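Written out below as structure tokens is the structure these notes cover.
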Amino acid sequence: MEQSRRRQQFSVTLLFGLWLPCCLTQTTTPNPATVTPKPSPSSQSQTERLKVRLAGYPRKHNEGRIELFYKGEWGTICDDDFSISNANVLCRQLGFVSATGWTHSAKYGKGQGKIWLDNVLCNGGEKSIEFCKSRGWGNSDCTHDEDAGVVCKDERIPGFVDSNIIDAQVDESKIEEVRLRPVVAMAKKKLPITEGVVEVKYKDGWAQICDLGWTIKNTRVVCGMLGFPHERKVNKNFYKRLKKRAAEKVPRPKVNVSAGGRQPSKAKPNSKSKQSSPGRRLYLERQKNYFHVHSVACTGMEVHLAACPLEFSKPNATSSCEGGMAAVVSCMPGPQFMQNSGLKKKLKNSSNVRLKGGARLGEGRVEVLKDNEWGTMCDDRWNLLSASVVCRELGYGSAKEALTGARMGQGMGPIYMNEVKCLGHEKSIWNCPFKNITSEDCQHTEDAAVRCNVPYMGLENSIRITGGRTRYEGRVEVLSTDSNGTQSWGLICGENWSTTEAMVACRQLGLGYANQGLQETWYWDSSNVTEMVMSGVKCTGNEMALSHCQHHKTVSCQRAAAKFAAGVICSETASDLVLNAPLVQQTVYIEDRPLHMLYCAAEEDCLSKSAAKANWPYGHRRLLRFSSQIHNIGRADFKPKAGRHSWVWHACHGHYHSMDVFTHYDLLNANGTKVAEGHKASFCLEDTDCQEGVSKRYECANFGDQGITVGCWDLYRHDIDCQWLDITDVKPGNYIMQVVINPNHEVAESDFTNNAMKCNCKYDGHRIWLHNCHIGDAFSEEAERRFEKYPGQLNNQVY
């Protein structure tokens, strides 16, 4: 009896124990101390899948409503129990170093869809918000009036490469890929493919779109996705004639519709020629029930077909496309992708917009030209619509990404635009509404950038690298064709191969920037390819492929052994050094310095050649002195090519030289001839100062590491040795002063065009004036021509 009563009591307790928490979860907020994370089968795989973005309006690029992409759907986080620790975790996931605050009650507007997380409790050290405690995915008692937001510190995590802004409001689970399949056989041989049947990726194959109701606006979106700036009308009569001709010649095949209604039976062709005719193929395609999409209604401004209203075929439908045919589109490529050179004159890229600092074709920091000087754009409200206007203006397609936070490096000139709000149809970014900049609005840490859709050219198929430890390095091998038309892999002669050529190879491979160009690759001897098929390669650095560079018609290589073949080391990021031109102009002066104070400088070859014939220690040298402030505005630290084991100690000045030549100083006459020259070894590359929020990493003292951190600068003051031009032998006149950083391209940079600085210079034998000091690529072509014809200073006025 006692045992029976105990069993009954235990049963009631168990039922109450199970029932009570269930009721409480419906009526009360969970106790934070008892909340546990929802178990997941694979935390690692979830981390890879989980996407985070900032949304809402109005906001800056580093703040907004938090949205999470989970199980194929975007959703929000409830503000219950939200804290600065949660915000820190989320900001780091977005690529910012930390959070400065968080918001509640849908400050950035109400989101849509699921509220994925509620009662989130992080300790602040988690790598992802999913590792924090919460009610579990999708379990919330909140409304979108309680959506949480964050404000992140506007400083990027060094080396963070994932996009923190995903503005395309599309469901790409329905349509992921789109391609054009040419019907005319000749079109298949030419790249890029600009006309053909529109096909969308469907399951393990490709499906067509019914062209009933198809408009030119739909064509514009498809062309933009495929990297083309403009669309053009298709000659429908041509395709109708093909279809009609095929229908007359070929009997209609019987179609066995499978359960899915998509797999046709195979029709036996009458002959091989009929089977390969474009008309027959088009006719057969009409019979196939491959029409996955039956209706498309784009506005023309979308960046992806999946963002357009779409009507999909029903699973059990047997009709294909009654009265219609497969949608066909024709696109107009940008000038640099046109096969027919005769068309290039008709269509030109914009001359007042450009991209800088990008590793790949069609990406970079957006720079615009105003009053003959290039400047940048601030990223406030920067989105895909505005970015697409820039991309199309430059001869690419629509934008893949609108990047913020100087993701493609910082500019150095003026900032011209802020809060650009394009509708998407504008011919130029200058036609879009925008705000002018005040000094308080923006800094170069907020420079806007883009990644554009570019046409598929297949350039990566004719090059490969082998033997490296990672896919980013190796010996370069190129595809060559012999006199019989046989294709095979061959080597490139390493003679005169440099970082500039390596830049093109890395770009062609889609591997980013060139870290190094190598002339010997004996340590990568893992391939049986030994024949040299290319030599004398000389690139400007802007080419799309090595085949576009200059090279010998016939291979000529003194060291033809495979171990002397060209190699590359590629990198996703690179440094970018730029001289502060206004500071040079502000600090310039002349000093007559006694020879007895120049022994160390002479030892380091910092004087002109005539100094060797001087009557040492008597007399003096006339020096043009100025300060150099060298900024690293790239995305990787600038480090000497040589390791510290090979640095050279100079006892006279008491420092190590980490590079033989770091800077060239030249004075040029009207003919471009050097009348005075100097060079300065990088006897101390270090962080003199940095932007707010950036810490110094390099200091020369005590044999410390040398380099320049991203966001920092190295200052060579006007009063230190070798910071000058020896102009003792220069006659009075008008000159151009030129300073070139990293002149031999020993260290990789994302952009070498901004390494030179020029100034107009007038010297009257006693005094010197510098005017129009600017970075080599800062002016328009017209302004640069005027600069070159500088007449000097007359009557205290600069002409």
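Residues in the structure tokens are named by chain (A, B, ... in the order shown) and by number from 1 within that chain; ligands are numbered from 1 in the order shown.
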
May I have a table of the residues of segment 380-456 of chain A lying at most 7 Å from segment 219-243 of chain A, giving each one's closest pair of atoms and their distance in Å to one decimal, counting only C-alpha atoms, ordered by chain and ascending residue number, as a tab-separated table?
residue	atom	partner	partner_atom	distance
A:Arg392	CA	A:Pro229	CA	4.5
A:Gly395	CA	A:Pro229	CA	5.5
A:Tyr396	CA	A:Gly227	CA	5.2
A:Gly397	CA	A:Gly227	CA	3.7
A:Ser398	CA	A:Gly224	CA	4.5
A:Asn453	CA	A:Gly227	CA	4.4
A:Val454	CA	A:Gly227	CA	3.8
A:Pro455	CA	A:Gly227	CA	4.4

Let's have the selection written as a PDB file, in the first residue's frame, with N, CA, C and O atoms.
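Generated file (result-v5.pdb):
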ATOM      1  N   ARG A 392      27.480  50.407 -64.848  1.00  0.00           N
ATOM      2  CA  ARG A 392      27.046  50.503 -66.244  1.00  0.00           C
ATOM      3  C   ARG A 392      27.744  51.665 -66.949  1.00  0.00           C
ATOM      4  O   ARG A 392      28.091  51.571 -68.124  1.00  0.00           O
ATOM      5  N   GLY A 395      30.995  50.617 -68.333  1.00  0.00           N
ATOM      6  CA  GLY A 395      31.027  49.564 -69.340  1.00  0.00           C
ATOM      7  C   GLY A 395      30.890  48.167 -68.788  1.00  0.00           C
ATOM      8  O   GLY A 395      31.165  47.184 -69.487  1.00  0.00           O
ATOM      9  N   TYR A 396      30.469  48.035 -67.513  1.00  0.00           N
ATOM     10  CA  TYR A 396      30.208  46.731 -66.916  1.00  0.00           C
ATOM     11  C   TYR A 396      28.697  46.531 -66.813  1.00  0.00           C
ATOM     12  O   TYR A 396      27.910  47.312 -67.325  1.00  0.00           O
ATOM     13  N   GLY A 397      28.281  45.474 -66.114  1.00  0.00           N
ATOM     14  CA  GLY A 397      26.865  45.224 -65.916  1.00  0.00           C
ATOM     15  C   GLY A 397      26.364  45.880 -64.648  1.00  0.00           C
ATOM     16  O   GLY A 397      26.875  46.920 -64.222  1.00  0.00           O
ATOM     17  N   SER A 398      25.354  45.287 -64.027  1.00  0.00           N
ATOM     18  CA  SER A 398      24.850  45.819 -62.764  1.00  0.00           C
ATOM     19  C   SER A 398      25.830  45.484 -61.643  1.00  0.00           C
ATOM     20  O   SER A 398      26.790  44.745 -61.846  1.00  0.00           O
ATOM     21  N   ASN A 453      29.258  43.249 -62.002  1.00  0.00           N
ATOM     22  CA  ASN A 453      29.188  42.053 -62.844  1.00  0.00           C
ATOM     23  C   ASN A 453      29.965  42.312 -64.126  1.00  0.00           C
ATOM     24  O   ASN A 453      29.804  43.356 -64.754  1.00  0.00           O
ATOM     25  N   VAL A 454      30.832  41.383 -64.499  1.00  0.00           N
ATOM     26  CA  VAL A 454      31.626  41.524 -65.715  1.00  0.00           C
ATOM     27  C   VAL A 454      31.372  40.314 -66.616  1.00  0.00           C
ATOM     28  O   VAL A 454      31.057  39.230 -66.129  1.00  0.00           O
ATOM     29  N   PRO A 455      31.503  40.480 -67.926  1.00  0.00           N
ATOM     30  CA  PRO A 455      31.248  39.360 -68.840  1.00  0.00           C
ATOM     31  C   PRO A 455      32.235  38.220 -68.627  1.00  0.00           C
ATOM     32  O   PRO A 455      33.392  38.442 -68.271  1.00  0.00           O
TER      33      PRO A 455
END

Taking the chain letters and numbering used in this document, name the residues of segment 516-645 of chain A that DSSP puts in strand (DSSP E), as a PyMOL selection string.
-> chain A and resi 516-518+532-534+567-571+577-579+589-594+620-625+628-632

Secondary structure check, alpha helix (DSSP H) residues of segment 454-612 of chain A, as a ChimeraX atom specification | /A:499-509,581-587,599-603

Within 8 Å of Ile84 of chain A, counting only C-alpha atoms, which residues qualify if same-chain residues fewer than 3 places away don't, as a list in words?
->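 That gives Ala87, Asn88, Ala99, Thr100, Gly101 and Trp102 of chain A.
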
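Using only C-alpha atoms, the shortest contact distance between Leu577 of chain A and any of A:Thr663, A:Thr194, A:Gln738, A:Asn123 is found at A:Thr663.
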
The residue from A:Trp116, A:Tyr698, A:Phe662, A:Phe337 with the smallest atom-to-atom distance to Ile77 of chain A, counting only C-alpha atoms, is A:Trp116

Compile the contact shell of segment 501-516 of chain A as a ChimeraX atom specification: residues with an atom at most 6 Å away, counting only C-alpha atoms, same-chain residues fewer than 2 positions apart removed.
-> /A:359-360,460,498-499,539,541,545,568-572,748

Using only all heavy atoms, please write the residues we just selected to a file, as a short mmCIF file (atom, residue, chain, number, x, y, z; two decimals), in the first residue's frame.
data_model
loop_
_atom_site.label_atom_id
_atom_site.label_comp_id
_atom_site.auth_asym_id
_atom_site.auth_seq_id
_atom_site.Cartn_x
_atom_site.Cartn_y
_atom_site.Cartn_z
N ALA A 359 41.33 44.54 -56.91
CA ALA A 359 42.22 43.46 -57.34
C ALA A 359 41.74 42.83 -58.63
O ALA A 359 42.53 42.36 -59.43
CB ALA A 359 42.28 42.39 -56.25
N ARG A 360 40.44 42.83 -58.84
CA ARG A 360 39.87 42.14 -60.00
C ARG A 360 39.19 43.13 -60.92
O ARG A 360 38.88 44.25 -60.55
CB ARG A 360 38.88 41.07 -59.54
CG ARG A 360 39.55 39.99 -58.69
CD ARG A 360 38.54 39.06 -58.05
NE ARG A 360 39.21 38.03 -57.26
CZ ARG A 360 39.57 38.17 -56.00
NH1 ARG A 360 39.32 39.32 -55.37
NH2 ARG A 360 40.17 37.21 -55.35
N GLU A 460 40.71 32.73 -67.58
CA GLU A 460 41.40 31.88 -66.60
C GLU A 460 41.67 30.48 -67.14
O GLU A 460 42.44 29.72 -66.55
CB GLU A 460 40.56 31.79 -65.32
CG GLU A 460 39.30 30.96 -65.41
CD GLU A 460 38.12 31.68 -66.04
OE1 GLU A 460 38.31 32.82 -66.55
OE2 GLU A 460 37.02 31.12 -66.05
N SER A 498 58.46 40.76 -63.50
CA SER A 498 58.41 41.60 -62.30
C SER A 498 57.02 41.57 -61.67
O SER A 498 56.11 40.87 -62.14
CB SER A 498 58.77 43.04 -62.66
OG SER A 498 57.72 43.65 -63.41
N THR A 499 56.87 42.36 -60.62
CA THR A 499 55.57 42.45 -59.93
C THR A 499 54.47 42.91 -60.87
O THR A 499 53.32 42.48 -60.76
CB THR A 499 55.68 43.43 -58.74
OG1 THR A 499 56.75 43.01 -57.89
CG2 THR A 499 54.40 43.46 -57.94
N CYS A 539 54.22 44.15 -69.23
CA CYS A 539 52.84 44.61 -69.02
C CYS A 539 52.82 46.01 -68.40
O CYS A 539 53.77 46.41 -67.72
CB CYS A 539 52.08 43.65 -68.11
SG CYS A 539 52.08 41.93 -68.61
N GLY A 541 50.31 46.58 -66.37
CA GLY A 541 49.68 46.22 -65.10
C GLY A 541 48.17 46.28 -65.14
O GLY A 541 47.50 45.79 -64.23
N ALA A 545 44.76 40.00 -69.36
CA ALA A 545 45.43 38.71 -69.52
C ALA A 545 46.86 38.93 -70.01
O ALA A 545 47.18 39.96 -70.62
CB ALA A 545 44.66 37.84 -70.52
N VAL A 568 54.55 33.33 -59.52
CA VAL A 568 53.81 34.39 -58.82
C VAL A 568 53.42 33.94 -57.42
O VAL A 568 53.27 32.74 -57.15
CB VAL A 568 52.52 34.79 -59.58
CG1 VAL A 568 52.83 35.43 -60.91
CG2 VAL A 568 51.58 33.60 -59.76
N ILE A 569 53.29 34.93 -56.57
CA ILE A 569 52.62 34.74 -55.27
C ILE A 569 51.51 35.78 -55.23
O ILE A 569 51.79 36.99 -55.27
CB ILE A 569 53.58 34.92 -54.08
CG1 ILE A 569 54.72 33.90 -54.16
CG2 ILE A 569 52.83 34.77 -52.77
CD1 ILE A 569 55.77 34.07 -53.06
N CYS A 570 50.28 35.33 -55.20
CA CYS A 570 49.13 36.24 -55.23
C CYS A 570 48.59 36.44 -53.82
O CYS A 570 48.86 35.66 -52.91
CB CYS A 570 48.03 35.69 -56.15
SG CYS A 570 48.57 35.32 -57.84
N SER A 571 47.78 37.49 -53.65
CA SER A 571 47.23 37.81 -52.34
C SER A 571 45.90 38.52 -52.50
O SER A 571 45.69 39.25 -53.46
CB SER A 571 48.21 38.70 -51.57
OG SER A 571 47.63 39.16 -50.37
N GLU A 572 45.00 38.31 -51.54
CA GLU A 572 43.69 38.97 -51.58
C GLU A 572 43.79 40.46 -51.26
O GLU A 572 42.91 41.22 -51.61
CB GLU A 572 42.73 38.31 -50.58
CG GLU A 572 42.21 36.96 -51.02
CD GLU A 572 41.25 37.06 -52.18
OE1 GLU A 572 40.65 38.12 -52.39
OE2 GLU A 572 41.08 36.06 -52.90
N ALA A 748 54.86 44.80 -53.43
CA ALA A 748 53.57 44.81 -54.11
C ALA A 748 52.66 45.90 -53.56
O ALA A 748 52.63 46.15 -52.35
CB ALA A 748 52.89 43.45 -53.95
#

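In this structure, atom CA of Trp374 of chain A sits 17.8 Å away from atom CA of Glu788 of chain A.
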
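Of the residues listed (A:Gly411, A:His596, A:Cys759, A:Ala297), A:Cys759 shows the shortest atom-to-atom separation from Leu668 of chain A; distances use only C-alpha atoms.
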
A:Cys391, A:Leu361, A:Ile415, A:Ala642 ranked by distance to Leu459 of chain A, top pick (using only C-alpha atoms) |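 Looking only at the distances to Leu459 of chain A, the closest residue turns out to be A:Leu361.
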
Option closest in space to Leu715 of chain A, from A:Ala670, A:Val353, A:Val533, A:Cys684 [counting only C-alpha atoms] | A:Cys684
